[in-house]
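Comments concern the structure below.
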Amino acid sequence: MDNETQMRMAQQEFELVTDLLHKITQRCYQKCYDKNYKTGDATTKESLCMDKCVVKYFQVNKNVNDKLQAASQAKMEQQLRAQEILEKRRRRK
Amino acid sequence: MDNETQMRMAQQEFELVTDLLHKITQRCYQKCYDKNYKTGDATTKESLCMDKCVVKYFQVNKNVNDKLQAASQAKMEQQLRAQEILEKRRRRK
Amino acid sequence: MDNETQMRMAQQEFELVTDLLHKITQRCYQKCYDKNYKTGDATTKESLCMDKCVVKYFQVNKNVNDKLQAASQAKMEQQLRAQEILEKRRRRK
Amino acid sequence: MDFSNLNDYDRKQMERLIEEKQMRDFMRMYSNLVDRCFDNCVNDFSTKTVTSKENTCVNRCVEKFMKLSERASARFAEQNAQLNQEMQQQQQQQRK
Amino acid sequence: MDFSNLNDYDRKQMERLIEEKQMRDFMRMYSNLVDRCFDNCVNDFSTKTVTSKENTCVNRCVEKFMKLSERASARFAEQNAQLNQEMQQQQQQQRK
Amino acid sequence: MDFSNLNDYDRKQMERLIEEKQMRDFMRMYSNLVDRCFDNCVNDFSTKTVTSKENTCVNRCVEKFMKLSERASARFAEQNAQLNQEMQQQQQQQRK
């Protein structure tokens, strides 16, 4: 594996992890926060909810990932269909 | 038309089509799915809803596209206004 | 400051301003529009609401910006933590 | 933006970047508008064609968004100018 | 896309761009799917493990989305082909 | 990331890419936070100034998000470390 490929993969992995962190933060905050904003501090209930939410999100992420590994071929087939659409269109130009 | 311009346009068109497919999928799923998840199969009602939703989304997309062709000049004018804002700001630095 | 850095900063500033305009437009439209669509014209109520909403969004944006200036170091620390995660992972490969 | 201190190559580069961003912004606004108007106006999926009522609703939705969007831009320009003026005053005070 | 008028370098470049876009689209679809199924199925945060009921719901959510997504793609392909045909007819009329 | 097997040029390139991503992530988090707190706290558009009550709400919203966000990051780091450990164990089993 040459350096360029190695760096691209490392970058993609870094982006995956940071994007996952962003998404978990947004989703779990939405699930857990109290809309009344009586305080700027996080309550015990909110904090414990965040803890459990992060763990559960990880589990769901892994389960969906496993399920989609098998389905990725079907998705690629779907994408090739979109590509064929464009090929036909461009032949008419 | 040189090759670089031709390729850029082809790429833009490909991105347009695949982004539209993504958006239709998300929006129509939102409109059509049954939240109860009694099954992993798509019901007849959900499937027929998706069929009609995709066709209707295409029609709305075309209608809005036609309407905005005329309005695109007004939008460019709006964008130029934002650019003038920045020009004034940078003159002070 | 060399030309490349100056241009990158100018580009980032331009993107910030246009992204903020986009976000304000979306958010304030959501707050202000009347869902019934009796007309294609903007009503007086909707128009005045947009005026005030834009001003208020600017104020909130500035207040949050000021608050986060102090917290940006904490966020960078958080990001470094994500980076350390990846470093450990890649050492095992 | 003040391009007077840029050479020809950099100026053209900057103008191309701005043009690309403006095109992306227009496509994003358009994409969001189709989504929003579809969401607000089309909710009957027993028919395969957009009804006259739905089409009227979509047209009004687009027109209303364009008008209110234009108004937001005008107010945005005013706020930005005011912000720039405040920044300039602060900088002048700091120099004293 | 018709790549017959492109040289080898341009063709490879285009194929790489398409592949990258397809990968991004897959990751975006996957990311949205995780978010959507988590949102619809996981709402009890008194436990630290996904319950059997929640897991079943997530599995069904993923399966249903994949099936309806596939159906949307098929209809999308038909609509696009129809749109292309209409565009072709308009162009032929304009030439007369 | 293990950069010891990269030359100086590649290492600097990688560090720059990471820095750019971190900046984009920060701007995205900040943008979402402004939107969220504005949406939750500012709903009276009969006045042209953010009221004291609205401002207090926004401040608390920001503080609460930062605190819960920090907590999510800590739990995220733990989960990631655990996931890495599991992956390592699986790889060792495969080698046997």
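In the structure tokens, chains take the letters A, B, ... in the order shown, each chain's residues start at 1, and ligands count up from 1 in the order shown.
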
Using the chain letters and numbers from this document, which residues of chain B does DSSP assign to alpha helix (DSSP H), as a ChimeraX atom specification?
/B:3-32,44-91

Could you tell me which residues of chain C sit within 6 Å of chain D when counting only C-alpha atoms, and give me the result as a list in words?
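The contacting residues on chain C are Thr25, Thr39, Gly40, Asp41 and Ala42 of chain C.
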
Selected residues written out, N, CA, C and O atoms, as a PDB file, in the first residue's frame:
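Here's the written file result-v2.pdb:
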ATOM      1  N   THR C  25     -32.115  32.747   6.781  1.00  0.00           N
ATOM      2  CA  THR C  25     -33.278  32.695   5.889  1.00  0.00           C
ATOM      3  C   THR C  25     -34.141  31.469   6.200  1.00  0.00           C
ATOM      4  O   THR C  25     -35.363  31.568   6.338  1.00  0.00           O
ATOM      5  N   THR C  39     -52.058  32.964  -0.241  1.00  0.00           N
ATOM      6  CA  THR C  39     -51.531  33.836  -1.285  1.00  0.00           C
ATOM      7  C   THR C  39     -50.032  33.557  -1.466  1.00  0.00           C
ATOM      8  O   THR C  39     -49.387  33.011  -0.582  1.00  0.00           O
ATOM      9  N   GLY C  40     -49.508  33.953  -2.621  1.00  0.00           N
ATOM     10  CA  GLY C  40     -48.070  33.896  -2.841  1.00  0.00           C
ATOM     11  C   GLY C  40     -47.349  35.124  -2.328  1.00  0.00           C
ATOM     12  O   GLY C  40     -46.134  35.149  -2.242  1.00  0.00           O
ATOM     13  N   ASP C  41     -48.101  36.170  -1.997  1.00  0.00           N
ATOM     14  CA  ASP C  41     -47.496  37.377  -1.441  1.00  0.00           C
ATOM     15  C   ASP C  41     -47.183  37.175   0.030  1.00  0.00           C
ATOM     16  O   ASP C  41     -47.829  36.386   0.716  1.00  0.00           O
ATOM     17  N   ALA C  42     -46.166  37.889   0.493  1.00  0.00           N
ATOM     18  CA  ALA C  42     -45.871  37.883   1.921  1.00  0.00           C
ATOM     19  C   ALA C  42     -46.824  38.842   2.619  1.00  0.00           C
ATOM     20  O   ALA C  42     -46.984  39.989   2.181  1.00  0.00           O
TER      21      ALA C  42
END

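When only C-alpha atoms are used to compute distances to chain C, the closest of the residues B:Arg91, B:Lys52, B:Leu86, B:Phe58 turns out to be B:Leu86.
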
Tell me, in Å to one decimal, how far CA of Leu68 (chain A) is from CA of Arg24 (chain E).
14.9 Å

Any chance you could fit chain B onto chain A with least squares, all Cα atoms in order, and share the moved copy as a short mmCIF file (atom, residue, chain, number, x, y, z; two decimals) with N, CA, C and O atoms, in the first residue's frame?
data_model
loop_
_atom_site.label_atom_id
_atom_site.label_comp_id
_atom_site.auth_asym_id
_atom_site.auth_seq_id
_atom_site.Cartn_x
_atom_site.Cartn_y
_atom_site.Cartn_z
N MET B 1 0.88 -1.18 0.07
CA MET B 1 0.01 0.01 0.03
C MET B 1 0.89 1.26 0.05
O MET B 1 1.66 1.48 0.97
N ASP B 2 0.72 2.08 -0.98
CA ASP B 2 1.57 3.27 -1.05
C ASP B 2 1.09 4.35 -0.07
O ASP B 2 0.02 4.26 0.51
N ASN B 3 1.94 5.36 0.05
CA ASN B 3 1.65 6.41 1.03
C ASN B 3 0.36 7.16 0.77
O ASN B 3 -0.38 7.49 1.69
N GLU B 4 0.09 7.46 -0.52
CA GLU B 4 -1.11 8.26 -0.81
C GLU B 4 -2.37 7.53 -0.39
O GLU B 4 -3.27 8.10 0.22
N THR B 5 -2.43 6.22 -0.73
CA THR B 5 -3.61 5.44 -0.35
C THR B 5 -3.71 5.34 1.16
O THR B 5 -4.80 5.46 1.73
N GLN B 6 -2.58 5.14 1.81
CA GLN B 6 -2.59 5.01 3.27
C GLN B 6 -3.10 6.30 3.92
O GLN B 6 -3.90 6.27 4.85
N MET B 7 -2.65 7.43 3.39
CA MET B 7 -3.10 8.71 3.96
C MET B 7 -4.56 8.95 3.70
O MET B 7 -5.27 9.49 4.55
N ARG B 8 -5.02 8.60 2.52
CA ARG B 8 -6.44 8.81 2.22
C ARG B 8 -7.30 7.96 3.15
O ARG B 8 -8.33 8.44 3.66
N MET B 9 -6.88 6.73 3.40
CA MET B 9 -7.66 5.88 4.30
C MET B 9 -7.63 6.41 5.72
O MET B 9 -8.66 6.38 6.42
N ALA B 10 -6.47 6.89 6.16
CA ALA B 10 -6.38 7.45 7.50
C ALA B 10 -7.29 8.67 7.63
O ALA B 10 -7.96 8.87 8.65
N GLN B 11 -7.30 9.50 6.59
CA GLN B 11 -8.15 10.68 6.62
C GLN B 11 -9.62 10.29 6.68
O GLN B 11 -10.40 10.86 7.44
N GLN B 12 -9.99 9.31 5.86
CA GLN B 12 -11.39 8.87 5.85
C GLN B 12 -11.81 8.33 7.21
O GLN B 12 -12.92 8.56 7.67
N GLU B 13 -10.91 7.59 7.83
CA GLU B 13 -11.23 7.03 9.14
C GLU B 13 -11.39 8.13 10.18
O GLU B 13 -12.30 8.09 11.01
N PHE B 14 -10.50 9.12 10.12
CA PHE B 14 -10.59 10.25 11.04
C PHE B 14 -11.92 10.98 10.84
O PHE B 14 -12.59 11.34 11.81
N GLU B 15 -12.30 11.18 9.58
CA GLU B 15 -13.57 11.86 9.31
C GLU B 15 -14.76 11.04 9.81
O GLU B 15 -15.71 11.60 10.35
N LEU B 16 -14.69 9.72 9.63
CA LEU B 16 -15.76 8.86 10.12
C LEU B 16 -15.95 9.01 11.62
O LEU B 16 -17.06 9.15 12.11
N VAL B 17 -14.83 8.97 12.35
CA VAL B 17 -14.93 9.02 13.81
C VAL B 17 -15.45 10.38 14.26
O VAL B 17 -16.34 10.46 15.11
N THR B 18 -14.91 11.46 13.69
CA THR B 18 -15.36 12.77 14.15
C THR B 18 -16.80 13.05 13.71
O THR B 18 -17.56 13.69 14.45
N ASP B 19 -17.20 12.56 12.54
CA ASP B 19 -18.61 12.73 12.12
C ASP B 19 -19.54 11.93 13.03
O ASP B 19 -20.64 12.40 13.36
N LEU B 20 -19.10 10.74 13.44
CA LEU B 20 -19.93 9.94 14.34
C LEU B 20 -20.06 10.64 15.69
O LEU B 20 -21.15 10.67 16.28
N LEU B 21 -18.96 11.21 16.17
CA LEU B 21 -19.02 11.93 17.44
C LEU B 21 -20.00 13.11 17.34
O LEU B 21 -20.83 13.34 18.23
N HIS B 22 -19.92 13.85 16.23
CA HIS B 22 -20.83 14.97 16.03
C HIS B 22 -22.29 14.50 16.05
O HIS B 22 -23.14 15.08 16.71
N LYS B 23 -22.56 13.44 15.32
CA LYS B 23 -23.93 12.96 15.18
C LYS B 23 -24.48 12.42 16.50
O LYS B 23 -25.64 12.70 16.84
N ILE B 24 -23.64 11.68 17.22
CA ILE B 24 -24.08 11.17 18.53
C ILE B 24 -24.39 12.34 19.47
O ILE B 24 -25.39 12.32 20.17
N THR B 25 -23.51 13.34 19.45
CA THR B 25 -23.73 14.50 20.33
C THR B 25 -25.07 15.16 20.03
O THR B 25 -25.85 15.45 20.94
N GLN B 26 -25.33 15.40 18.74
CA GLN B 26 -26.58 16.07 18.36
C GLN B 26 -27.79 15.23 18.73
O GLN B 26 -28.75 15.72 19.32
N ARG B 27 -27.75 13.96 18.35
CA ARG B 27 -28.92 13.09 18.55
C ARG B 27 -29.19 12.85 20.02
O ARG B 27 -30.36 12.90 20.47
N CYS B 28 -28.13 12.59 20.80
CA CYS B 28 -28.34 12.31 22.22
C CYS B 28 -28.75 13.56 22.99
O CYS B 28 -29.56 13.49 23.92
N TYR B 29 -28.20 14.71 22.61
CA TYR B 29 -28.65 15.94 23.24
C TYR B 29 -30.15 16.11 22.99
O TYR B 29 -30.91 16.45 23.91
N GLN B 30 -30.58 15.88 21.76
CA GLN B 30 -31.99 16.02 21.42
C GLN B 30 -32.85 15.10 22.29
O GLN B 30 -33.95 15.47 22.71
N LYS B 31 -32.35 13.87 22.53
CA LYS B 31 -33.11 12.89 23.31
C LYS B 31 -33.14 13.23 24.79
O LYS B 31 -34.10 12.88 25.49
N CYS B 32 -32.08 13.89 25.28
CA CYS B 32 -31.89 13.94 26.72
C CYS B 32 -32.15 15.29 27.37
O CYS B 32 -32.39 15.35 28.58
N TYR B 33 -32.05 16.40 26.60
CA TYR B 33 -32.06 17.68 27.29
C TYR B 33 -33.47 18.06 27.74
O TYR B 33 -34.47 17.66 27.15
N ASP B 34 -33.52 18.88 28.80
CA ASP B 34 -34.77 19.40 29.34
C ASP B 34 -34.98 20.78 28.75
O ASP B 34 -34.18 21.69 28.97
N LYS B 35 -36.07 20.96 28.01
CA LYS B 35 -36.30 22.19 27.25
C LYS B 35 -36.51 23.42 28.13
O LYS B 35 -36.51 24.54 27.62
N ASN B 36 -36.72 23.22 29.44
CA ASN B 36 -37.08 24.39 30.24
C ASN B 36 -35.90 25.31 30.55
O ASN B 36 -36.10 26.48 30.83
N TYR B 37 -34.69 24.81 30.52
CA TYR B 37 -33.50 25.61 30.77
C TYR B 37 -33.60 26.40 32.08
O TYR B 37 -33.40 27.60 32.11
N LYS B 38 -33.92 25.67 33.16
CA LYS B 38 -33.93 26.34 34.46
C LYS B 38 -32.52 26.69 34.89
O LYS B 38 -32.31 27.55 35.74
N THR B 39 -31.54 26.03 34.32
CA THR B 39 -30.15 26.22 34.70
C THR B 39 -29.26 25.95 33.49
O THR B 39 -29.65 25.28 32.55
N GLY B 40 -28.03 26.48 33.56
CA GLY B 40 -27.04 26.15 32.54
C GLY B 40 -26.28 24.88 32.84
O GLY B 40 -25.57 24.35 31.99
N ASP B 41 -26.42 24.37 34.06
CA ASP B 41 -25.77 23.12 34.41
C ASP B 41 -26.56 21.94 33.88
O ASP B 41 -27.77 22.03 33.72
N ALA B 42 -25.85 20.85 33.62
CA ALA B 42 -26.53 19.62 33.24
C ALA B 42 -27.05 18.94 34.50
O ALA B 42 -26.30 18.77 35.47
N THR B 43 -28.31 18.55 34.51
CA THR B 43 -28.86 17.85 35.66
C THR B 43 -28.36 16.41 35.67
O THR B 43 -27.83 15.91 34.68
N THR B 44 -28.52 15.76 36.83
CA THR B 44 -28.12 14.36 36.94
C THR B 44 -28.88 13.50 35.93
O THR B 44 -28.30 12.63 35.29
N LYS B 45 -30.15 13.79 35.79
CA LYS B 45 -30.98 13.00 34.87
C LYS B 45 -30.47 13.15 33.43
O LYS B 45 -30.34 12.17 32.70
N GLU B 46 -30.19 14.40 33.03
CA GLU B 46 -29.69 14.64 31.68
C GLU B 46 -28.34 13.97 31.48
O GLU B 46 -28.08 13.37 30.43
N SER B 47 -27.46 14.06 32.47
CA SER B 47 -26.11 13.50 32.34
C SER B 47 -26.15 11.98 32.21
O SER B 47 -25.46 11.41 31.35
N LEU B 48 -26.93 11.33 33.06
CA LEU B 48 -27.01 9.87 33.00
C LEU B 48 -27.67 9.43 31.69
O LEU B 48 -27.29 8.41 31.12
N CYS B 49 -28.64 10.20 31.25
CA CYS B 49 -29.27 9.90 29.95
C CYS B 49 -28.24 9.95 28.84
O CYS B 49 -28.20 9.07 27.98
N MET B 50 -27.40 10.98 28.84
CA MET B 50 -26.35 11.10 27.80
C MET B 50 -25.42 9.89 27.84
O MET B 50 -25.08 9.32 26.80
N ASP B 51 -25.03 9.48 29.05
CA ASP B 51 -24.13 8.33 29.18
C ASP B 51 -24.73 7.10 28.50
O ASP B 51 -24.08 6.44 27.69
N LYS B 52 -25.97 6.79 28.83
CA LYS B 52 -26.61 5.60 28.29
C LYS B 52 -26.88 5.75 26.80
O LYS B 52 -26.76 4.79 26.03
N CYS B 53 -27.25 6.96 26.40
CA CYS B 53 -27.57 7.20 24.99
C CYS B 53 -26.35 6.97 24.11
O CYS B 53 -26.46 6.33 23.06
N VAL B 54 -25.18 7.45 24.54
CA VAL B 54 -23.96 7.25 23.74
C VAL B 54 -23.67 5.77 23.56
O VAL B 54 -23.36 5.31 22.46
N VAL B 55 -23.79 5.00 24.65
CA VAL B 55 -23.51 3.56 24.58
C VAL B 55 -24.50 2.89 23.63
O VAL B 55 -24.11 2.07 22.79
N LYS B 56 -25.78 3.24 23.76
CA LYS B 56 -26.79 2.61 22.92
C LYS B 56 -26.60 3.00 21.45
O LYS B 56 -26.81 2.18 20.55
N TYR B 57 -26.22 4.26 21.20
CA TYR B 57 -26.01 4.68 19.81
C TYR B 57 -24.87 3.88 19.18
O TYR B 57 -24.96 3.46 18.03
N PHE B 58 -23.80 3.68 19.95
CA PHE B 58 -22.69 2.85 19.46
C PHE B 58 -23.19 1.45 19.09
O PHE B 58 -22.80 0.90 18.05
N GLN B 59 -24.03 0.88 19.93
CA GLN B 59 -24.52 -0.47 19.66
C GLN B 59 -25.38 -0.50 18.39
O GLN B 59 -25.23 -1.38 17.55
N VAL B 60 -26.26 0.49 18.26
CA VAL B 60 -27.11 0.54 17.05
C VAL B 60 -26.24 0.76 15.82
O VAL B 60 -26.46 0.13 14.78
N ASN B 61 -25.25 1.65 15.94
CA ASN B 61 -24.37 1.91 14.81
C ASN B 61 -23.67 0.63 14.36
O ASN B 61 -23.58 0.35 13.16
N LYS B 62 -23.18 -0.15 15.32
CA LYS B 62 -22.49 -1.40 14.97
C LYS B 62 -23.46 -2.40 14.35
O LYS B 62 -23.14 -3.05 13.36
N ASN B 63 -24.67 -2.51 14.93
CA ASN B 63 -25.65 -3.46 14.40
C ASN B 63 -26.05 -3.11 12.97
O ASN B 63 -26.12 -3.98 12.10
N VAL B 64 -26.30 -1.83 12.72
CA VAL B 64 -26.69 -1.41 11.37
C VAL B 64 -25.52 -1.60 10.42
O VAL B 64 -25.70 -2.02 9.27
N ASN B 65 -24.31 -1.30 10.88
CA ASN B 65 -23.13 -1.50 10.05
C ASN B 65 -23.01 -2.96 9.63
O ASN B 65 -22.79 -3.26 8.45
N ASP B 66 -23.20 -3.88 10.59
CA ASP B 66 -23.12 -5.31 10.26
C ASP B 66 -24.19 -5.71 9.24
O ASP B 66 -23.92 -6.44 8.30
N LYS B 67 -25.41 -5.20 9.45
CA LYS B 67 -26.50 -5.51 8.52
C LYS B 67 -26.22 -5.00 7.11
O LYS B 67 -26.57 -5.64 6.13
N LEU B 68 -25.60 -3.83 7.03
CA LEU B 68 -25.41 -3.21 5.72
C LEU B 68 -24.20 -3.76 4.98
O LEU B 68 -24.10 -3.55 3.77
N GLN B 69 -23.28 -4.40 5.69
CA GLN B 69 -22.16 -5.03 4.99
C GLN B 69 -22.67 -5.97 3.91
O GLN B 69 -22.17 -6.00 2.80
N ALA B 70 -23.70 -6.73 4.27
CA ALA B 70 -24.27 -7.67 3.30
C ALA B 70 -25.05 -6.95 2.21
O ALA B 70 -25.09 -7.41 1.07
N ALA B 71 -25.65 -5.82 2.57
CA ALA B 71 -26.50 -5.12 1.60
C ALA B 71 -25.73 -4.15 0.72
O ALA B 71 -26.31 -3.54 -0.17
N SER B 72 -24.43 -4.00 0.95
CA SER B 72 -23.70 -2.97 0.21
C SER B 72 -23.65 -3.28 -1.28
O SER B 72 -23.62 -2.36 -2.10
N GLN B 73 -23.63 -4.53 -1.63
CA GLN B 73 -23.63 -4.89 -3.05
C GLN B 73 -24.92 -4.43 -3.72
O GLN B 73 -24.89 -3.90 -4.83
N ALA B 74 -26.03 -4.58 -3.01
CA ALA B 74 -27.30 -4.13 -3.58
C ALA B 74 -27.30 -2.62 -3.78
O ALA B 74 -27.83 -2.11 -4.77
N LYS B 75 -26.69 -1.90 -2.88
CA LYS B 75 -26.64 -0.43 -3.01
C LYS B 75 -25.77 -0.04 -4.21
O LYS B 75 -26.11 0.88 -4.94
N MET B 76 -24.63 -0.73 -4.38
CA MET B 76 -23.78 -0.41 -5.52
C MET B 76 -24.54 -0.65 -6.82
O MET B 76 -24.39 0.10 -7.78
N GLU B 77 -25.36 -1.69 -6.84
CA GLU B 77 -26.17 -1.98 -8.02
C GLU B 77 -27.13 -0.83 -8.30
O GLU B 77 -27.31 -0.39 -9.43
N GLN B 78 -27.71 -0.31 -7.23
CA GLN B 78 -28.63 0.81 -7.32
C GLN B 78 -27.92 2.03 -7.88
O GLN B 78 -28.44 2.77 -8.72
N GLN B 79 -26.69 2.28 -7.42
CA GLN B 79 -25.93 3.42 -7.90
C GLN B 79 -25.58 3.26 -9.37
O GLN B 79 -25.60 4.24 -10.12
N LEU B 80 -25.24 2.06 -9.76
CA LEU B 80 -24.93 1.84 -11.18
C LEU B 80 -26.15 2.15 -12.04
O LEU B 80 -26.01 2.62 -13.18
N ARG B 81 -27.34 1.90 -11.51
CA ARG B 81 -28.54 2.22 -12.26
C ARG B 81 -28.63 3.71 -12.51
O ARG B 81 -28.92 4.15 -13.62
N ALA B 82 -28.34 4.51 -11.49
CA ALA B 82 -28.35 5.96 -11.67
C ALA B 82 -27.32 6.38 -12.71
O ALA B 82 -27.54 7.32 -13.49
N GLN B 83 -26.20 5.70 -12.74
CA GLN B 83 -25.15 6.04 -13.70
C GLN B 83 -25.61 5.75 -15.12
O GLN B 83 -25.34 6.52 -16.04
N GLU B 84 -26.31 4.64 -15.30
CA GLU B 84 -26.83 4.29 -16.64
C GLU B 84 -27.81 5.34 -17.12
O GLU B 84 -27.84 5.68 -18.30
N ILE B 85 -28.61 5.87 -16.20
CA ILE B 85 -29.54 6.95 -16.55
C ILE B 85 -28.78 8.08 -17.23
O ILE B 85 -29.15 8.57 -18.29
N LEU B 86 -27.71 8.50 -16.58
CA LEU B 86 -26.95 9.64 -17.09
C LEU B 86 -26.28 9.32 -18.42
O LEU B 86 -26.17 10.19 -19.27
N GLU B 87 -25.83 8.09 -18.55
CA GLU B 87 -25.17 7.73 -19.79
C GLU B 87 -26.13 7.88 -20.97
O GLU B 87 -25.78 8.42 -22.02
N LYS B 88 -27.35 7.41 -20.77
CA LYS B 88 -28.35 7.53 -21.84
C LYS B 88 -28.60 9.00 -22.16
O LYS B 88 -28.71 9.39 -23.32
N ARG B 89 -28.71 9.82 -21.09
CA ARG B 89 -28.98 11.24 -21.32
C ARG B 89 -27.87 11.88 -22.15
O ARG B 89 -28.12 12.64 -23.08
N ARG B 90 -26.62 11.59 -21.80
CA ARG B 90 -25.52 12.27 -22.46
C ARG B 90 -25.34 11.79 -23.89
O ARG B 90 -24.79 12.51 -24.72
N ARG B 91 -25.78 10.59 -24.21
CA ARG B 91 -25.66 10.12 -25.61
C ARG B 91 -26.52 10.96 -26.54
O ARG B 91 -26.26 11.02 -27.74
N ARG B 92 -27.57 11.57 -25.97
CA ARG B 92 -28.46 12.36 -26.83
C ARG B 92 -27.92 13.78 -27.10
O ARG B 92 -28.52 14.52 -27.85
N LYS B 93 -26.82 14.13 -26.44
CA LYS B 93 -26.31 15.49 -26.63
C LYS B 93 -25.19 15.53 -27.66
O LYS B 93 -24.78 14.52 -28.19
#

Atomic separation - CA of Glu19 (chain D) relative to CA of Glu15 (chain E), Å
25.8 Å
